[in-house]
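Asker: Sharing my_file-v5.csv below, CSV, N, CA and C atoms:
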```csv
chain,number,residue,atom,x,y,z
I,1,MET,N,60.2,-16.7,10.3
I,1,MET,CA,59.7,-17.7,11.2
I,1,MET,C,59.6,-19.0,10.4
I,2,PHE,N,60.2,-20.1,10.9
I,2,PHE,CA,60.2,-21.4,10.2
I,2,PHE,C,58.8,-22.0,10.1
I,3,PHE,N,57.9,-21.6,10.9
I,3,PHE,CA,56.5,-22.2,10.8
I,3,PHE,C,55.9,-22.1,9.4
I,4,ALA,N,56.2,-20.9,8.8
I,4,ALA,CA,55.5,-20.7,7.5
I,4,ALA,C,55.9,-21.7,6.4
I,5,ASP,N,57.1,-22.3,6.6
I,5,ASP,CA,57.5,-23.3,5.6
I,5,ASP,C,56.8,-24.6,5.8
I,6,LEU,N,56.3,-24.9,7.0
I,6,LEU,CA,55.7,-26.2,7.3
I,6,LEU,C,54.2,-26.1,7.5
I,7,LEU,N,53.6,-25.0,7.9
I,7,LEU,CA,52.2,-24.9,8.4
I,7,LEU,C,51.5,-23.8,7.7
I,8,ASP,N,50.2,-23.9,7.5
I,8,ASP,CA,49.4,-22.8,7.0
I,8,ASP,C,48.2,-22.6,7.9
I,9,SER,N,47.4,-21.6,7.5
I,9,SER,CA,46.3,-21.2,8.4
I,9,SER,C,45.2,-22.3,8.6
I,10,SER,N,45.3,-23.4,7.8
I,10,SER,CA,44.3,-24.4,8.0
I,10,SER,C,44.8,-25.5,8.9
I,11,THR,N,46.0,-25.4,9.5
I,11,THR,CA,46.6,-26.4,10.3
I,11,THR,C,46.2,-26.2,11.8
I,12,ALA,N,45.9,-27.3,12.4
I,12,ALA,CA,45.7,-27.4,13.9
I,12,ALA,C,46.6,-28.4,14.4
I,13,LEU,N,47.2,-28.1,15.5
I,13,LEU,CA,48.2,-29.1,16.1
I,13,LEU,C,47.6,-29.6,17.5
I,14,PHE,N,47.6,-30.9,17.7
I,14,PHE,CA,47.3,-31.5,18.9
I,14,PHE,C,48.6,-32.1,19.4
I,15,LEU,N,49.2,-31.6,20.5
I,15,LEU,CA,50.5,-32.0,20.9
I,15,LEU,C,50.5,-32.7,22.3
I,16,ASP,N,51.0,-33.9,22.3
I,16,ASP,CA,51.1,-34.7,23.5
I,16,ASP,C,52.2,-34.1,24.4
I,17,PHE,N,51.9,-34.1,25.7
I,17,PHE,CA,52.9,-33.4,26.6
I,17,PHE,C,54.0,-34.4,26.9
I,18,ASP,N,53.8,-35.4,27.7
I,18,ASP,CA,54.9,-36.3,28.1
I,18,ASP,C,55.3,-37.2,27.0
I,19,GLY,N,56.6,-37.1,26.7
I,19,GLY,CA,57.2,-37.9,25.6
I,19,GLY,C,57.2,-37.3,24.3
I,20,THR,N,56.6,-36.1,24.1
I,20,THR,CA,56.6,-35.4,22.9
I,20,THR,C,57.1,-34.0,23.2
I,21,LEU,N,56.4,-33.2,23.9
I,21,LEU,CA,56.9,-31.8,24.3
I,21,LEU,C,58.0,-31.9,25.3
I,22,VAL,N,57.9,-32.8,26.2
I,22,VAL,CA,58.9,-33.0,27.3
I,22,VAL,C,59.3,-34.4,27.3
I,23,ASP,N,60.6,-34.7,27.7
I,23,ASP,CA,61.0,-36.1,27.8
I,23,ASP,C,60.4,-36.8,28.9
I,24,ILE,N,60.2,-38.1,28.8
I,24,ILE,CA,59.7,-38.9,29.9
I,24,ILE,C,60.7,-38.9,31.0
I,25,ALA,N,60.2,-38.8,32.2
I,25,ALA,CA,61.1,-38.9,33.4
I,25,ALA,C,60.8,-40.1,34.3
I,26,ASP,N,61.7,-40.5,35.2
I,26,ASP,CA,61.4,-41.6,36.0
I,26,ASP,C,60.2,-41.4,36.9
I,27,GLN,N,60.0,-40.2,37.4
I,27,GLN,CA,58.8,-39.8,38.2
I,27,GLN,C,58.1,-38.7,37.5
I,28,PRO,N,56.8,-38.6,37.6
I,28,PRO,CA,56.0,-37.6,36.8
I,28,PRO,C,56.4,-36.1,37.2
I,29,ASP,N,56.8,-35.9,38.4
I,29,ASP,CA,57.2,-34.5,38.8
I,29,ASP,C,58.6,-34.2,38.5
I,30,GLU,N,59.3,-35.1,37.9
I,30,GLU,CA,60.7,-34.8,37.6
I,30,GLU,C,61.0,-34.4,36.1
I,31,ILE,N,59.9,-34.1,35.4
I,31,ILE,CA,60.1,-33.7,34.0
I,31,ILE,C,60.8,-32.4,34.0
I,32,GLU,N,61.5,-32.1,32.9
I,32,GLU,CA,62.1,-30.8,32.7
I,32,GLU,C,61.6,-30.2,31.4
I,33,VAL,N,61.1,-29.0,31.6
I,33,VAL,CA,60.5,-28.2,30.4
I,33,VAL,C,61.6,-27.5,29.8
I,34,PRO,N,61.9,-27.7,28.5
I,34,PRO,CA,63.0,-27.0,27.8
I,34,PRO,C,62.8,-25.5,27.9
I,35,SER,N,63.8,-24.7,28.1
I,35,SER,CA,63.7,-23.3,28.3
I,35,SER,C,63.0,-22.6,27.1
I,36,SER,N,63.1,-23.1,25.9
I,36,SER,CA,62.5,-22.4,24.8
I,36,SER,C,61.1,-22.9,24.5
I,37,LEU,N,60.6,-23.9,25.2
I,37,LEU,CA,59.3,-24.5,24.8
I,37,LEU,C,58.1,-23.6,24.9
I,38,VAL,N,58.0,-22.9,26.0
I,38,VAL,CA,56.8,-22.0,26.2
I,38,VAL,C,56.8,-20.9,25.1
I,39,GLN,N,57.9,-20.3,24.8
I,39,GLN,CA,58.0,-19.2,23.8
I,39,GLN,C,57.6,-19.8,22.4
I,40,THR,N,58.2,-21.0,22.1
I,40,THR,CA,57.9,-21.6,20.8
I,40,THR,C,56.4,-21.9,20.7
I,41,LEU,N,55.8,-22.4,21.8
I,41,LEU,CA,54.3,-22.7,21.7
I,41,LEU,C,53.5,-21.4,21.6
I,42,MET,N,53.9,-20.4,22.3
I,42,MET,CA,53.2,-19.1,22.2
I,42,MET,C,53.3,-18.6,20.8
I,43,SER,N,54.4,-18.7,20.1
I,43,SER,CA,54.6,-18.2,18.7
I,43,SER,C,53.7,-19.1,17.8
I,44,LEU,N,53.7,-20.4,18.0
I,44,LEU,CA,52.9,-21.3,17.2
I,44,LEU,C,51.4,-21.0,17.4
I,45,ASN,N,51.0,-20.8,18.6
I,45,ASN,CA,49.6,-20.5,18.9
I,45,ASN,C,49.2,-19.2,18.2
I,46,GLN,N,50.0,-18.2,18.2
I,46,GLN,CA,49.7,-16.9,17.6
I,46,GLN,C,49.7,-17.1,16.1
I,47,TYR,N,50.6,-17.8,15.5
I,47,TYR,CA,50.7,-18.0,14.1
I,47,TYR,C,49.5,-18.8,13.5
I,48,LEU,N,49.0,-19.8,14.3
I,48,LEU,CA,47.9,-20.6,13.9
I,48,LEU,C,46.6,-20.1,14.4
I,49,GLY,N,46.5,-18.9,14.9
I,49,GLY,CA,45.3,-18.3,15.4
I,49,GLY,C,44.6,-19.1,16.5
I,50,GLY,N,45.4,-19.6,17.4
I,50,GLY,CA,44.9,-20.3,18.5
I,50,GLY,C,44.6,-21.8,18.3
I,51,ALA,N,45.0,-22.3,17.2
I,51,ALA,CA,44.7,-23.7,16.8
I,51,ALA,C,45.7,-24.7,17.2
I,52,ILE,N,46.2,-24.6,18.5
I,52,ILE,CA,47.0,-25.7,19.1
I,52,ILE,C,46.3,-26.1,20.4
I,53,ALA,N,46.5,-27.4,20.7
I,53,ALA,CA,46.0,-28.0,21.9
I,53,ALA,C,47.1,-28.9,22.5
I,54,VAL,N,47.1,-29.0,23.8
I,54,VAL,CA,48.0,-29.9,24.5
I,54,VAL,C,47.1,-31.0,25.1
I,55,VAL,N,47.5,-32.3,24.8
I,55,VAL,CA,46.8,-33.4,25.4
I,55,VAL,C,47.7,-34.2,26.3
I,56,SER,N,47.1,-34.7,27.4
I,56,SER,CA,47.9,-35.4,28.4
I,56,SER,C,47.1,-36.3,29.3
I,57,GLY,N,47.7,-37.2,29.9
I,57,GLY,CA,47.1,-38.0,31.0
I,57,GLY,C,47.1,-37.2,32.3
I,58,ARG,N,47.9,-36.1,32.3
I,58,ARG,CA,48.0,-35.2,33.5
I,58,ARG,C,46.7,-34.3,33.5
I,59,PRO,N,46.4,-33.8,34.8
I,59,PRO,CA,45.4,-32.8,34.9
I,59,PRO,C,45.8,-31.5,34.2
I,60,ILE,N,44.8,-30.8,33.6
I,60,ILE,CA,45.1,-29.6,32.9
I,60,ILE,C,45.9,-28.6,33.8
I,61,ARG,N,45.5,-28.5,35.1
I,61,ARG,CA,46.2,-27.6,36.0
I,61,ARG,C,47.7,-27.9,36.1
I,62,GLN,N,48.1,-29.1,36.0
I,62,GLN,CA,49.5,-29.5,36.0
I,62,GLN,C,50.2,-29.0,34.7
I,63,ILE,N,49.5,-29.2,33.6
I,63,ILE,CA,50.1,-28.7,32.3
I,63,ILE,C,50.2,-27.2,32.4
I,64,ASP,N,49.2,-26.5,32.9
I,64,ASP,CA,49.3,-25.0,33.0
I,64,ASP,C,50.5,-24.7,33.9
I,65,GLY,N,50.7,-25.4,35.0
I,65,GLY,CA,51.8,-25.1,35.9
I,65,GLY,C,53.2,-25.3,35.2
I,66,PHE,N,53.3,-26.2,34.3
I,66,PHE,CA,54.6,-26.4,33.6
I,66,PHE,C,54.7,-25.4,32.4
I,67,LEU,N,53.6,-25.0,31.8
I,67,LEU,CA,53.7,-24.2,30.6
I,67,LEU,C,53.4,-22.7,30.8
I,68,GLY,N,53.0,-22.4,32.1
I,68,GLY,CA,52.6,-21.0,32.4
I,68,GLY,C,53.7,-20.0,31.9
I,69,PRO,N,53.3,-18.9,31.4
I,69,PRO,CA,51.9,-18.3,31.4
I,69,PRO,C,51.0,-18.7,30.3
I,70,LEU,N,51.5,-19.6,29.4
I,70,LEU,CA,50.7,-20.1,28.3
I,70,LEU,C,49.5,-20.8,28.7
I,71,ARG,N,48.4,-20.5,28.1
I,71,ARG,CA,47.1,-21.2,28.4
I,71,ARG,C,46.5,-21.5,27.0
I,72,VAL,N,46.5,-22.7,26.6
I,72,VAL,CA,45.9,-23.1,25.3
I,72,VAL,C,44.8,-24.1,25.5
I,73,ALA,N,44.1,-24.4,24.4
I,73,ALA,CA,43.2,-25.5,24.5
I,73,ALA,C,43.9,-26.8,25.0
I,74,ALA,N,43.2,-27.6,25.8
I,74,ALA,CA,43.9,-28.7,26.4
I,74,ALA,C,42.9,-29.8,26.6
I,75,ALA,N,43.4,-31.1,26.6
I,75,ALA,CA,42.6,-32.2,27.1
I,75,ALA,C,43.5,-32.9,28.2
I,76,GLY,N,43.0,-33.0,29.4
I,76,GLY,CA,43.7,-33.6,30.5
I,76,GLY,C,43.0,-34.9,31.0
I,77,VAL,N,43.8,-35.6,31.7
I,77,VAL,CA,43.3,-36.9,32.3
I,77,VAL,C,42.6,-37.7,31.3
I,78,HIS,N,43.3,-37.9,30.2
I,78,HIS,CA,42.9,-38.8,29.1
I,78,HIS,C,41.5,-38.4,28.5
I,79,GLY,N,41.3,-37.1,28.5
I,79,GLY,CA,40.1,-36.5,27.9
I,79,GLY,C,38.9,-36.2,28.9
I,80,THR,N,39.1,-36.6,30.2
I,80,THR,CA,38.0,-36.3,31.1
I,80,THR,C,37.9,-34.8,31.5
I,81,GLU,N,39.0,-34.1,31.2
I,81,GLU,CA,39.0,-32.7,31.4
I,81,GLU,C,39.3,-32.1,30.0
I,82,ARG,N,38.6,-31.0,29.7
I,82,ARG,CA,38.8,-30.4,28.4
I,82,ARG,C,38.7,-28.9,28.6
I,83,ARG,N,39.6,-28.1,27.9
I,83,ARG,CA,39.5,-26.7,27.9
I,83,ARG,C,39.5,-26.3,26.4
I,84,SER,N,38.5,-25.5,26.0
I,84,SER,CA,38.5,-25.0,24.6
I,84,SER,C,39.5,-23.9,24.4
I,85,ALA,N,39.7,-23.5,23.2
I,85,ALA,CA,40.6,-22.4,22.9
I,85,ALA,C,40.1,-21.1,23.5
I,86,SER,N,38.8,-21.0,23.8
I,86,SER,CA,38.3,-19.8,24.4
I,86,SER,C,38.4,-19.8,25.9
I,87,GLY,N,38.8,-21.0,26.5
I,87,GLY,CA,39.0,-21.1,27.9
I,87,GLY,C,37.9,-21.8,28.7
I,88,VAL,N,36.9,-22.2,28.0
I,88,VAL,CA,35.8,-22.9,28.6
I,88,VAL,C,36.2,-24.3,29.0
I,89,MET,N,36.0,-24.6,30.3
I,89,MET,CA,36.3,-25.9,30.9
I,89,MET,C,35.1,-26.9,30.9
I,90,THR,N,35.4,-28.1,30.5
I,90,THR,CA,34.3,-29.2,30.5
I,90,THR,C,34.9,-30.3,31.3
I,91,LEU,N,34.2,-30.8,32.3
I,91,LEU,CA,34.6,-32.0,33.1
I,91,LEU,C,33.6,-33.1,32.8
I,92,LEU,N,34.1,-34.2,32.2
I,92,LEU,CA,33.2,-35.3,32.0
I,92,LEU,C,32.9,-36.1,33.2
I,93,SER,N,31.7,-36.6,33.3
I,93,SER,CA,31.3,-37.5,34.4
I,93,SER,C,32.3,-38.7,34.5
I,94,THR,N,32.7,-39.0,35.7
I,94,THR,CA,33.5,-40.2,35.9
I,94,THR,C,33.0,-41.1,37.0
I,95,HIS,N,33.4,-42.3,37.0
I,95,HIS,CA,33.0,-43.2,38.0
I,95,HIS,C,33.9,-43.1,39.2
I,96,PRO,N,33.4,-43.3,40.4
I,96,PRO,CA,34.3,-43.3,41.6
I,96,PRO,C,35.4,-44.4,41.5
I,97,MET,N,36.6,-44.0,41.9
I,97,MET,CA,37.7,-44.9,41.8
I,97,MET,C,38.2,-45.4,43.1
I,98,ASP,N,37.5,-45.2,44.2
I,98,ASP,CA,37.9,-45.5,45.5
I,98,ASP,C,38.5,-46.9,45.7
I,99,ALA,N,37.7,-47.9,45.3
I,99,ALA,CA,38.2,-49.3,45.5
I,99,ALA,C,39.4,-49.6,44.6
I,100,VAL,N,39.5,-49.1,43.4
I,100,VAL,CA,40.7,-49.3,42.6
I,100,VAL,C,41.9,-48.6,43.2
I,101,GLU,N,41.7,-47.4,43.7
I,101,GLU,CA,42.8,-46.7,44.3
I,101,GLU,C,43.3,-47.4,45.5
I,102,GLN,N,42.4,-47.9,46.4
I,102,GLN,CA,42.8,-48.6,47.6
I,102,GLN,C,43.6,-49.8,47.2
I,103,ALA,N,43.2,-50.6,46.2
I,103,ALA,CA,43.9,-51.8,45.7
I,103,ALA,C,45.3,-51.4,45.2
I,104,ALA,N,45.4,-50.3,44.5
I,104,ALA,CA,46.7,-49.8,43.9
I,104,ALA,C,47.6,-49.4,45.0
I,105,ARG,N,47.1,-48.7,46.0
I,105,ARG,CA,47.9,-48.3,47.2
I,105,ARG,C,48.4,-49.5,48.0
I,106,ALA,N,47.5,-50.5,48.1
I,106,ALA,CA,48.0,-51.7,48.9
I,106,ALA,C,49.1,-52.4,48.1
I,107,LEU,N,49.0,-52.5,46.8
I,107,LEU,CA,50.0,-53.1,45.9
I,107,LEU,C,51.3,-52.2,46.1
I,108,ALA,N,51.2,-50.9,46.0
I,108,ALA,CA,52.4,-50.1,46.2
I,108,ALA,C,53.0,-50.2,47.5
I,109,ALA,N,52.2,-50.4,48.6
I,109,ALA,CA,52.8,-50.6,49.9
I,109,ALA,C,53.6,-51.8,50.0
I,110,GLN,N,53.3,-52.8,49.2
I,110,GLN,CA,54.0,-54.1,49.2
I,110,GLN,C,55.2,-54.1,48.2
I,111,ASN,N,55.3,-53.1,47.4
I,111,ASN,CA,56.3,-53.1,46.3
I,111,ASN,C,57.0,-51.7,46.3
I,112,ALA,N,58.2,-51.7,46.9
I,112,ALA,CA,58.9,-50.4,46.9
I,112,ALA,C,59.2,-49.9,45.5
I,113,GLY,N,59.1,-48.6,45.4
I,113,GLY,CA,59.3,-48.0,44.0
I,113,GLY,C,58.1,-47.8,43.2
I,114,LEU,N,56.9,-48.4,43.6
I,114,LEU,CA,55.7,-48.1,42.9
I,114,LEU,C,55.1,-46.8,43.4
I,115,LEU,N,54.6,-46.0,42.5
I,115,LEU,CA,53.9,-44.7,42.8
I,115,LEU,C,52.5,-44.7,42.3
I,116,VAL,N,51.6,-44.4,43.2
I,116,VAL,CA,50.1,-44.4,42.9
I,116,VAL,C,49.8,-42.9,42.7
I,117,GLU,N,49.2,-42.6,41.5
I,117,GLU,CA,48.8,-41.2,41.3
I,117,GLU,C,47.3,-41.2,41.0
I,118,GLY,N,46.5,-40.7,42.0
I,118,GLY,CA,45.1,-40.6,41.8
I,118,GLY,C,44.7,-39.5,40.9
I,119,LYS,N,43.9,-39.7,39.9
I,119,LYS,CA,43.5,-38.7,38.9
I,119,LYS,C,42.0,-38.7,38.8
I,120,ARG,N,41.5,-37.7,38.2
I,120,ARG,CA,40.0,-37.6,38.1
I,120,ARG,C,39.5,-38.7,37.2
I,121,GLY,N,38.9,-39.7,37.8
I,121,GLY,CA,38.3,-40.8,37.0
I,121,GLY,C,39.3,-41.9,36.6
I,122,SER,N,40.5,-41.8,37.1
I,122,SER,CA,41.5,-42.8,36.7
I,122,SER,C,42.6,-42.9,37.8
I,123,ILE,N,43.3,-44.0,37.8
I,123,ILE,CA,44.4,-44.2,38.7
I,123,ILE,C,45.6,-44.5,37.8
I,124,ALA,N,46.8,-43.9,38.1
I,124,ALA,CA,48.0,-44.2,37.4
I,124,ALA,C,48.9,-44.9,38.4
I,125,LEU,N,49.5,-46.0,37.9
I,125,LEU,CA,50.5,-46.7,38.7
I,125,LEU,C,51.8,-46.7,38.0
I,126,HIS,N,52.8,-46.0,38.6
I,126,HIS,CA,54.1,-45.8,37.9
I,126,HIS,C,55.1,-46.7,38.6
```
Represent the supplied structure as structure tokens.
Answerer:
Amino acid sequence: MFFADLLDSSTALFLDFDGTLVDIADQPDEIEVPSSLVQTLMSLNQYLGGAIAVVSGRPIRQIDGFLGPLRVAAAGVHGTERRSASGVMTLLSTHPMDAVEQAARALAAQNAGLLVEGKRGSIALH
């Protein structure tokens, strides 16, 4: 296993999803997960004793959907969702985003090609 040449038992990996583990796509739902990615992450997770985490602006449930059946520690929605290596979920308190989302949707309605993605405690405009 090539991991042994690069990593040791004191290593922890925090891996960004979009743009690192998968290529950026024109639309968030158009990403392609390389066929070997899940098995590679499973092997890394086992080798490092569970010391890998995936971080993303996406919700953790989306990451799980792309990487299933793998479930590792994760930070989603820019840290407002967190899952420990043992599987404990923590959701940080967020402010209501209703007014911001309404403004973003109004802007998108006037500009073809804009996509509004409502997230927990944030709004993404693509």
Asker: Need the shell around I:Asp16: protein/DNA/RNA residues with any atom at most 8 Å away, counting all atoms listed in the file. Skip same-chain ones fewer than 6 positions apart. Format as JSON, numbers by chain?
Answerer: {"I": [22, 53, 54, 55, 56, 57]}
Asker: Near I:Ile52, counting all atoms listed in the file, which residues have an atom at most 6 Å away, once you skip same-chain residues fewer than 3 positions from it, shown as a JSON list (two decimals) with N, CA and C atoms, in the frame of the given file?
Answerer:
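See around_19.json below for the written result:
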```json
[["chain", "number", "residue", "atom", "x", "y", "z"],
["I", 12, "ALA", "N", 45.90, -27.30, 12.40],
["I", 12, "ALA", "CA", 45.70, -27.40, 13.90],
["I", 12, "ALA", "C", 46.60, -28.40, 14.40],
["I", 13, "LEU", "N", 47.20, -28.10, 15.50],
["I", 13, "LEU", "CA", 48.20, -29.10, 16.10],
["I", 13, "LEU", "C", 47.60, -29.60, 17.50],
["I", 14, "PHE", "N", 47.60, -30.90, 17.70],
["I", 14, "PHE", "CA", 47.30, -31.50, 18.90],
["I", 14, "PHE", "C", 48.60, -32.10, 19.40],
["I", 45, "ASN", "N", 51.00, -20.80, 18.60],
["I", 45, "ASN", "CA", 49.60, -20.50, 18.90],
["I", 45, "ASN", "C", 49.20, -19.20, 18.20],
["I", 72, "VAL", "N", 46.50, -22.70, 26.60],
["I", 72, "VAL", "CA", 45.90, -23.10, 25.30],
["I", 72, "VAL", "C", 44.80, -24.10, 25.50],
["I", 73, "ALA", "N", 44.10, -24.40, 24.40],
["I", 73, "ALA", "CA", 43.20, -25.50, 24.50],
["I", 73, "ALA", "C", 43.90, -26.80, 25.00]]
```
Asker: As an MDAnalysis selection string, please: every residue in stretch 8-39 of chain I that a backbone DSSP assignment puts in strand (DSSP E).
Answerer: chainID I and resid 13:16
Asker: Could you list, as an mmCIF file with N, CA and C atoms, keeping the file's coordinate frame, every residue within 8 Å of I:Leu37, counting only N, CA and C atoms and ignoring same-chain residues fewer than 6 positions away?
Answerer:
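The file below, out-v1.cif, is the result:
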```cif
data_model
loop_
_atom_site.group_PDB
_atom_site.id
_atom_site.type_symbol
_atom_site.label_atom_id
_atom_site.label_comp_id
_atom_site.auth_asym_id
_atom_site.auth_seq_id
_atom_site.Cartn_x
_atom_site.Cartn_y
_atom_site.Cartn_z
ATOM 1 N N LEU I 21 56.400 -33.200 23.900
ATOM 2 C CA LEU I 21 56.900 -31.800 24.300
ATOM 3 C C LEU I 21 58.000 -31.900 25.300
ATOM 4 N N SER I 43 54.400 -18.700 20.100
ATOM 5 C CA SER I 43 54.600 -18.200 18.700
ATOM 6 C C SER I 43 53.700 -19.100 17.800
ATOM 7 N N LEU I 67 53.600 -25.000 31.800
ATOM 8 C CA LEU I 67 53.700 -24.200 30.600
ATOM 9 C C LEU I 67 53.400 -22.700 30.800
#
```
Asker: Can you tell me how far atom C of I:Ile60 sits from atom CA of I:Gly76, in Å to one decimal?
Answerer: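 That distance, rounded to one decimal, is 6.4 Å.
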Asker: Taking the backbone alone, and naming residues the way the document does, which bits of stretch 4-117 of chain I are alpha helix (DSSP H) by DSSP, as an NGL selection string?
Answerer: :I and (4-6 or 37-47 or 60-67 or 98-110)
Asker: Which value, in Å to one decimal, gives the distance between atom N of I:Pro28 and atom CA of I:Arg58?
Answerer: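 Computed distance, atom N of I:Pro28 to atom CA of I:Arg58, equals 10.3 Å.
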Asker: With distances taken over all atoms listed in the file, which residue among I:Leu114, I:Leu6, I:Ala106, I:Ala85 lies nearest I:Ala51?
Answerer: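 Using all atoms listed in the file, the shortest distance to I:Ala51 belongs to I:Ala85.
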